[in-house]
Each structure stands twice: as C-alpha cells, then as structure tokens.
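Enquirer: I am sharing final.tsv, which consists of TSV, C-alpha atoms and all ligand atoms:
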```
chain	number	residue	atom	x	y	z
A	3	MET	CA	-6.84	18.06	-44.90
A	4	PRO	CA	-10.57	18.29	-45.78
A	5	LEU	CA	-12.94	15.87	-44.16
A	6	GLN	CA	-14.37	13.30	-46.49
A	7	ASP	CA	-16.56	10.31	-46.12
A	8	THR	CA	-15.12	7.01	-47.26
A	9	PRO	CA	-17.71	5.36	-49.47
A	10	THR	CA	-15.08	3.20	-51.08
A	11	ARG	CA	-14.15	1.57	-47.80
A	12	ARG	CA	-17.79	1.18	-46.86
A	13	GLN	CA	-18.50	-0.45	-50.16
A	14	LEU	CA	-15.59	-2.79	-49.69
A	15	ILE	CA	-16.84	-3.83	-46.27
A	16	GLY	CA	-20.37	-4.23	-47.56
A	17	SER	CA	-19.09	-6.40	-50.38
A	18	ALA	CA	-16.86	-8.38	-48.07
A	19	LEU	CA	-19.75	-9.09	-45.73
A	20	GLY	CA	-21.88	-10.16	-48.63
A	21	ALA	CA	-19.09	-12.38	-49.86
A	22	ALA	CA	-18.58	-13.96	-46.47
A	23	THR	CA	-22.26	-14.69	-46.04
A	24	THR	CA	-22.63	-16.03	-49.53
A	25	LEU	CA	-19.51	-18.14	-49.20
A	26	ALA	CA	-20.67	-19.61	-45.92
A	27	VAL	CA	-23.97	-20.63	-47.48
A	28	ALA	CA	-22.27	-21.87	-50.62
A	29	SER	CA	-19.85	-23.99	-48.62
A	30	GLN	CA	-22.73	-25.93	-47.20
A	31	LEU	CA	-24.57	-26.42	-50.45
A	32	PHE	CA	-22.17	-26.55	-53.35
A	33	GLY	CA	-18.83	-27.87	-54.51
A	34	ALA	CA	-15.63	-25.90	-55.12
A	35	ALA	CA	-16.57	-24.54	-58.54
A	36	GLU	CA	-19.88	-23.23	-57.29
A	37	ARG	CA	-18.20	-21.67	-54.24
A	38	VAL	CA	-15.78	-19.76	-56.46
A	39	ALA	CA	-18.61	-18.56	-58.66
A	40	ALA	CA	-20.65	-17.47	-55.66
A	41	LEU	CA	-17.73	-15.63	-54.13
A	42	SER	CA	-16.94	-13.85	-57.38
A	43	ALA	CA	-20.53	-12.76	-57.79
A	44	ALA	CA	-20.63	-11.46	-54.23
A	45	VAL	CA	-17.40	-9.48	-54.53
A	46	VAL	CA	-18.53	-7.64	-57.63
A	47	GLY	CA	-22.10	-7.24	-56.44
A	48	PRO	CA	-23.58	-3.95	-55.28
A	49	ALA	CA	-22.58	-2.42	-51.97
A	50	ARG	CA	-25.18	-2.79	-49.26
A	51	ALA	CA	-25.95	-1.05	-46.02
A	52	VAL	CA	-24.18	-2.62	-43.08
A	53	ASP	CA	-25.72	-2.68	-39.66
A	54	PRO	CA	-23.67	-0.51	-37.23
A	55	ALA	CA	-23.28	-3.41	-34.81
A	56	VAL	CA	-21.83	-5.55	-37.57
A	57	ARG	CA	-19.42	-2.81	-38.49
A	58	LEU	CA	-18.37	-2.47	-34.88
A	59	GLY	CA	-17.68	-6.19	-34.84
A	60	ILE	CA	-15.40	-5.74	-37.81
A	61	THR	CA	-13.47	-2.85	-36.37
A	62	GLY	CA	-12.71	-4.70	-33.13
A	63	LYS	CA	-10.83	-3.29	-30.19
A	64	LEU	CA	-9.73	0.31	-29.94
A	65	THR	CA	-6.46	1.66	-28.71
A	66	PHE	CA	-7.00	2.72	-25.09
A	67	PRO	CA	-7.69	6.48	-25.17
A	68	VAL	CA	-5.39	7.32	-22.25
A	69	ASP	CA	-1.64	6.76	-21.98
A	70	THR	CA	-1.28	3.76	-19.65
A	71	SER	CA	2.43	4.31	-18.92
A	72	ALA	CA	3.22	3.55	-15.29
A	73	THR	CA	5.12	6.82	-14.96
A	74	PHE	CA	1.75	8.62	-14.94
A	75	GLY	CA	0.30	6.35	-12.23
A	76	SER	CA	-2.39	3.67	-12.34
A	77	LEU	CA	-5.76	4.27	-13.94
A	78	VAL	CA	-9.33	3.42	-13.11
A	79	CYS	CA	-12.12	3.14	-15.67
A	80	LEU	CA	-15.57	3.65	-14.20
A	81	ASN	CA	-17.86	1.22	-15.98
A	82	ASN	CA	-20.72	3.69	-15.93
A	83	PHE	CA	-22.22	3.91	-19.40
A	84	GLY	CA	-25.94	4.44	-18.89
A	85	GLY	CA	-25.26	5.00	-15.22
A	86	ARG	CA	-26.04	7.84	-12.94
A	87	SER	CA	-24.27	11.03	-13.86
A	88	ASN	CA	-22.64	12.74	-10.91
A	89	ALA	CA	-23.44	16.04	-12.55
A	90	ASN	CA	-27.23	15.79	-12.63
A	91	GLY	CA	-28.20	12.50	-11.02
A	92	ALA	CA	-29.99	11.22	-14.12
A	93	CYS	CA	-29.40	7.76	-15.57
A	94	ASN	CA	-28.05	9.09	-18.81
A	95	HIS	CA	-24.29	8.91	-18.55
A	96	ALA	CA	-23.36	8.52	-22.22
A	97	GLY	CA	-19.79	7.31	-21.82
A	98	VAL	CA	-17.21	6.04	-19.38
A	99	ASP	CA	-14.91	8.00	-17.07
A	100	ILE	CA	-11.20	7.20	-17.01
A	101	GLY	CA	-8.84	8.81	-14.53
A	102	ASN	CA	-5.94	8.31	-12.22
A	103	ASP	CA	-6.50	5.95	-9.33
A	104	GLU	CA	-4.78	7.87	-6.56
A	105	ILE	CA	-3.01	10.97	-7.83
A	106	SER	CA	-4.19	13.76	-10.07
A	107	GLY	CA	-4.21	12.85	-13.73
A	108	LEU	CA	-4.02	16.49	-14.77
A	109	GLY	CA	-2.05	16.72	-18.01
A	110	ARG	CA	-1.87	12.97	-18.64
A	111	PRO	CA	-1.63	12.30	-22.40
A	112	LEU	CA	-4.81	11.27	-24.21
A	113	LEU	CA	-4.39	9.08	-27.26
A	114	ALA	CA	-6.25	8.63	-30.53
A	115	CYS	CA	-8.21	5.40	-30.10
A	116	ALA	CA	-8.32	4.71	-33.84
A	117	ASP	CA	-6.94	5.94	-37.12
A	118	GLY	CA	-8.98	8.86	-38.38
A	119	PHE	CA	-9.30	12.61	-38.22
A	120	VAL	CA	-9.86	15.43	-35.79
A	121	GLU	CA	-13.52	16.07	-36.55
A	122	LYS	CA	-14.25	18.96	-34.20
A	123	ASP	CA	-12.83	21.00	-31.32
A	124	GLU	CA	-15.46	22.56	-29.12
A	125	THR	CA	-15.83	23.87	-25.56
A	126	PHE	CA	-18.95	23.49	-23.42
A	127	SER	CA	-18.09	25.44	-20.28
A	128	ASP	CA	-21.02	24.15	-18.21
A	129	SER	CA	-20.86	20.47	-19.20
A	130	ALA	CA	-18.26	18.65	-21.32
A	131	GLY	CA	-15.62	21.35	-21.02
A	132	ARG	CA	-12.85	21.41	-23.58
A	133	THR	CA	-13.80	18.68	-26.06
A	134	ARG	CA	-12.03	17.09	-29.00
A	135	ILE	CA	-13.96	14.75	-31.30
A	136	LEU	CA	-12.26	12.23	-33.57
A	137	ARG	CA	-13.86	10.37	-36.46
A	138	ASP	CA	-12.71	7.13	-38.05
A	139	GLY	CA	-13.21	5.94	-41.61
A	140	LEU	CA	-16.34	3.98	-40.71
A	141	GLY	CA	-18.38	6.94	-39.50
A	142	THR	CA	-17.74	6.41	-35.82
A	143	PHE	CA	-17.14	9.48	-33.65
A	144	TYR	CA	-15.06	9.39	-30.47
A	145	ARG	CA	-15.70	12.19	-27.99
A	146	TYR	CA	-13.02	13.24	-25.49
A	147	HIS	CA	-14.35	15.56	-22.77
A	148	HIS	CA	-12.92	17.72	-19.95
A	149	LEU	CA	-9.50	18.21	-21.60
A	150	ASP	CA	-7.00	20.44	-19.87
A	151	SER	CA	-5.56	21.30	-23.29
A	152	TYR	CA	-5.45	20.14	-26.87
A	153	GLU	CA	-2.33	18.73	-28.45
A	154	SER	CA	-1.55	21.97	-30.22
A	155	SER	CA	0.07	20.39	-33.26
A	156	LEU	CA	-3.36	19.11	-34.30
A	157	SER	CA	-6.41	21.00	-35.49
A	158	GLU	CA	-9.74	20.17	-37.09
A	159	GLY	CA	-9.36	18.09	-40.23
A	160	ASP	CA	-5.93	16.73	-39.41
A	161	ALA	CA	-5.33	13.00	-39.72
A	162	VAL	CA	-4.47	11.03	-36.60
A	163	THR	CA	-3.02	7.60	-36.09
A	164	ALA	CA	-4.14	5.27	-33.31
A	165	GLY	CA	-1.95	5.89	-30.27
A	166	GLN	CA	-1.03	9.44	-31.23
A	167	VAL	CA	-1.31	12.08	-28.48
A	168	ILE	CA	-4.35	14.27	-29.21
A	169	GLY	CA	-4.70	16.17	-25.94
A	170	TYR	CA	-4.18	16.20	-22.19
A	171	MET	CA	-6.44	15.10	-19.35
A	172	GLY	CA	-8.13	17.80	-17.33
A	173	ASN	CA	-11.15	18.92	-15.35
A	174	THR	CA	-12.74	21.57	-17.56
A	175	GLY	CA	-16.54	21.76	-17.60
A	176	ASN	CA	-18.78	20.28	-14.94
A	177	THR	CA	-16.24	18.20	-13.04
A	178	VAL	CA	-13.65	18.65	-10.33
A	179	TRP	CA	-11.95	15.30	-10.96
A	180	SER	CA	-9.29	15.31	-13.65
A	181	HIS	CA	-10.44	12.51	-15.93
A	182	LEU	CA	-11.38	11.65	-19.46
A	183	HIS	CA	-15.06	11.26	-20.18
A	184	PHE	CA	-15.08	9.13	-23.35
A	185	GLU	CA	-18.05	8.53	-25.64
A	186	ILE	CA	-18.63	6.64	-28.89
A	187	TRP	CA	-21.28	7.90	-31.30
A	188	GLN	CA	-22.07	5.86	-34.39
A	189	ASP	CA	-22.89	7.53	-37.71
A	190	SER	CA	-23.72	11.07	-36.55
A	191	LEU	CA	-23.05	13.82	-34.04
A	192	THR	CA	-26.76	14.70	-34.00
A	193	PRO	CA	-28.25	13.03	-30.92
A	194	SER	CA	-31.47	12.00	-32.65
A	195	GLU	CA	-29.55	10.33	-35.47
A	196	ALA	CA	-26.63	8.80	-33.62
A	197	THR	CA	-26.37	5.45	-31.90
A	198	ILE	CA	-24.43	6.05	-28.69
A	199	ILE	CA	-22.77	2.86	-27.58
A	200	ASP	CA	-21.04	1.55	-24.47
A	201	PRO	CA	-17.29	2.01	-24.97
A	202	VAL	CA	-16.28	-0.81	-22.60
A	203	PRO	CA	-16.73	-3.73	-25.02
A	204	ARG	CA	-14.54	-1.91	-27.51
A	205	LEU	CA	-11.74	-1.12	-25.07
A	206	PRO	CA	-8.82	-3.58	-24.86
A	207	PHE	CA	-9.50	-5.00	-21.39
A	208	PRO	CA	-7.86	-6.61	-19.51
A	209	LEU	CA	-5.20	-3.94	-19.62
A	210	GLU	CA	-2.16	-3.63	-17.38
A	211	GLY	CA	-2.28	-0.55	-15.19
A	212	VAL	CA	-6.02	-0.01	-15.67
A	213	SER	CA	-8.68	-1.36	-13.34
A	214	LEU	CA	-12.20	-1.64	-14.71
A	215	ASN	CA	-14.91	-1.09	-12.12
A	216	SER	CA	-18.02	-3.23	-11.91
A	217	PRO	CA	-20.87	-1.89	-14.06
A	218	THR	CA	-22.80	0.91	-12.44
A	219	ALA	CA	-25.58	1.26	-14.98
A	220	CYS	CA	-28.95	2.27	-13.55
A	221	SER	CA	-31.52	-0.48	-13.27
A	222	SER	CA	-34.39	1.86	-13.96
A	301	ZN	ZN	-18.49	11.11	-17.39
```
Since I need it in another form, could you write the structure as structure tokens?

Expert:
Amino acid sequence: MPLQDTPTRRQLIGSALGAATTLAVASQLFGAAERVAALSAAVVGPARAVDPAVRLGITGKLTFPVDTSATFGSLVCLNNFGGRSNANGACNHAGVDIGNDEISGLGRPLLACADGFVEKDETFSDSAGRTRILRDGLGTFYRYHHLDSYESSLSEGDAVTAGQVIGYMGNTGNTVWSHLHFEIWQDSLTPSEATIIDPVPRLPFPLEGVSLNSPTACSS
C-alpha cells in the first residue's frame, strides 16, 4: 500500500480543536442559539495548523511496544530519554530502553504502538542496528532499534494495527543487551525538522509486568 499523508484527518482535528475552543468561549458568553451558531461556524471553518503537543494530547496513550506477556518474563523500562547513552557517554539518548529484567529478551515480540504503516526498514550496523520505523496518521514516527529480526509478513508501506507483532527484540548494532530502544519523532525523520519527544508520558504506565525506572536524564 503506498504511503500517503492524511490531510483529511488533520483537517478534521484542526476543525475539531477550533470548534472546542470556540464552543468553550461561546458557552461563557452566549446562550444556546449562539453556541450552536458558533459551533457550526467552527466546524465548517478552515483547517488550521495544530501544535504537535496538542496533537499528542489528542492521541493519548500508546500501546506498549513490547509484548508484556508473563511467559516472556518481566520487563524493565529505563527512563532515560535525554540521559547518558551507554554507547558514547553523551547526554543525548533520544529514546527509552525496554528489555527483560532478568533473562535474555532475545526474540521477544515487539508490537505496533499505534495504528499506522511500516514507514521504513533500515540497518545501521554501528549504532541502531536493525531498525523498523512506523508512522501513524498524525505524522508521528515510532523508531524501533536493535531488532533481532523483522516480522517477515510485513514490509515497507504495509498497514499495521496497534498491538500487531512487527518484529523481535534483539541486540543488533551498538549494544550487547537484548532490548528495544524506542524513539518518537514528530512530523519528520530529518533530525533538524523533527521534534523528538520523551516516550514515557505516552506509554501506558503503570503497566503490569513492566517496571519503570526513575528518570536518569542528565542534569547538564
Ligand atoms: Zn537506547
């Protein structure tokens, strides 16, 4: 399936936000008839740009990107967005690391965190390793790093549903620990154009079988 942007959905959200704002103001100032008129005008009004943070607020919690089934063992999520990267020591860790607590997580299923598409499959042998990138309908990209293998029934452009297996946990690239390094990039896969955000607020914690470490972000 070809990749396509979703301007219709964006427009709907833009309009809905406009409607909500207008309605909230109208509720304070006018009676029922005026509120209906204001809402109607907002719904049919032009689409507007929506701040990424507002859009993230709309989309809410993601499906956890790793299978939490007890049969695979307990998980730990290192709360290390912006923290010190084990690989190079710099305070630029752009995601969180999720792996098994005590036993190897090699081959543990990785799940689509949202409805969307397989945007790109790519391998960076000296860093992210085998990588699969998903994209949702709101222009958010979800990067899965260090995969042992891809779910072979999927390839670039295929649609995915939240919770669907998209690959298997591994230690490819610059790591020896089998884990998922998970990143969220808003609007672009070009570093200078993307807003890279902390995944933790979007993950469905508290979550049975997954312990979330204390934040380890660098203070300087
Ligand atoms: Zn990492």

Enquirer: For ligand ZN 301 (chain A), return the neighbouring residues as a PDB file with C-alpha atoms, in the coordinates of the input (distance at most 8 Å; all atoms listed in the file).

Expert:
```pdb
ATOM      1  CA  ASN A  82     -20.720   3.690 -15.930  1.00  0.00           C
ATOM      2  CA  SER A  87     -24.270  11.030 -13.860  1.00  0.00           C
ATOM      3  CA  ASN A  88     -22.640  12.740 -10.910  1.00  0.00           C
ATOM      4  CA  HIS A  95     -24.290   8.910 -18.550  1.00  0.00           C
ATOM      5  CA  ALA A  96     -23.360   8.520 -22.220  1.00  0.00           C
ATOM      6  CA  GLY A  97     -19.790   7.310 -21.820  1.00  0.00           C
ATOM      7  CA  VAL A  98     -17.210   6.040 -19.380  1.00  0.00           C
ATOM      8  CA  ASP A  99     -14.910   8.000 -17.070  1.00  0.00           C
ATOM      9  CA  LEU A 182     -11.380  11.650 -19.460  1.00  0.00           C
ATOM     10  CA  HIS A 183     -15.060  11.260 -20.180  1.00  0.00           C
ATOM     11  CA  PHE A 184     -15.080   9.130 -23.350  1.00  0.00           C
TER      12      PHE A 184
END
```

Enquirer: Rank A:Asn94, A:Thr177, A:Ser157, A:Thr163 by their smallest atom-to-atom distance to A:Lys122, using all atoms listed in the file, and report the top residue only.

Expert: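 When distances to A:Lys122 are compared using all atoms listed in the file, the smallest one comes from A:Ser157.
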
Enquirer: Please determine, counting all atoms listed in the file, which residue among A:Thr174, A:Thr70, A:Ser155, A:Thr125 has the shortest atom-to-atom distance to A:Ile100.

Expert: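 Using all atoms listed in the file, A:Ile100 sits closest to A:Thr70.
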
Enquirer: Compare A:Phe143, A:Ala116, A:Glu210, A:Ser127 by their minimum atom-to-atom distance to A:Thr192, counting all atoms listed in the file, and give me the closest one.

Expert: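 Ranking A:Phe143, A:Ala116, A:Glu210, A:Ser127 by distance to A:Thr192, first place goes to A:Phe143.
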
Enquirer: State, in Å with one decimal place, the distance from atom CA of A:Ala161 to atom CA of A:Pro206.

Expert: 22.5 Å

Enquirer: In terms of the shortest atom-to-atom distance over all atoms listed in the file, which of A:Pro111, A:Gly85, A:Gly91, A:Gly131 is closest to A:Val178?

Expert: A:Gly131
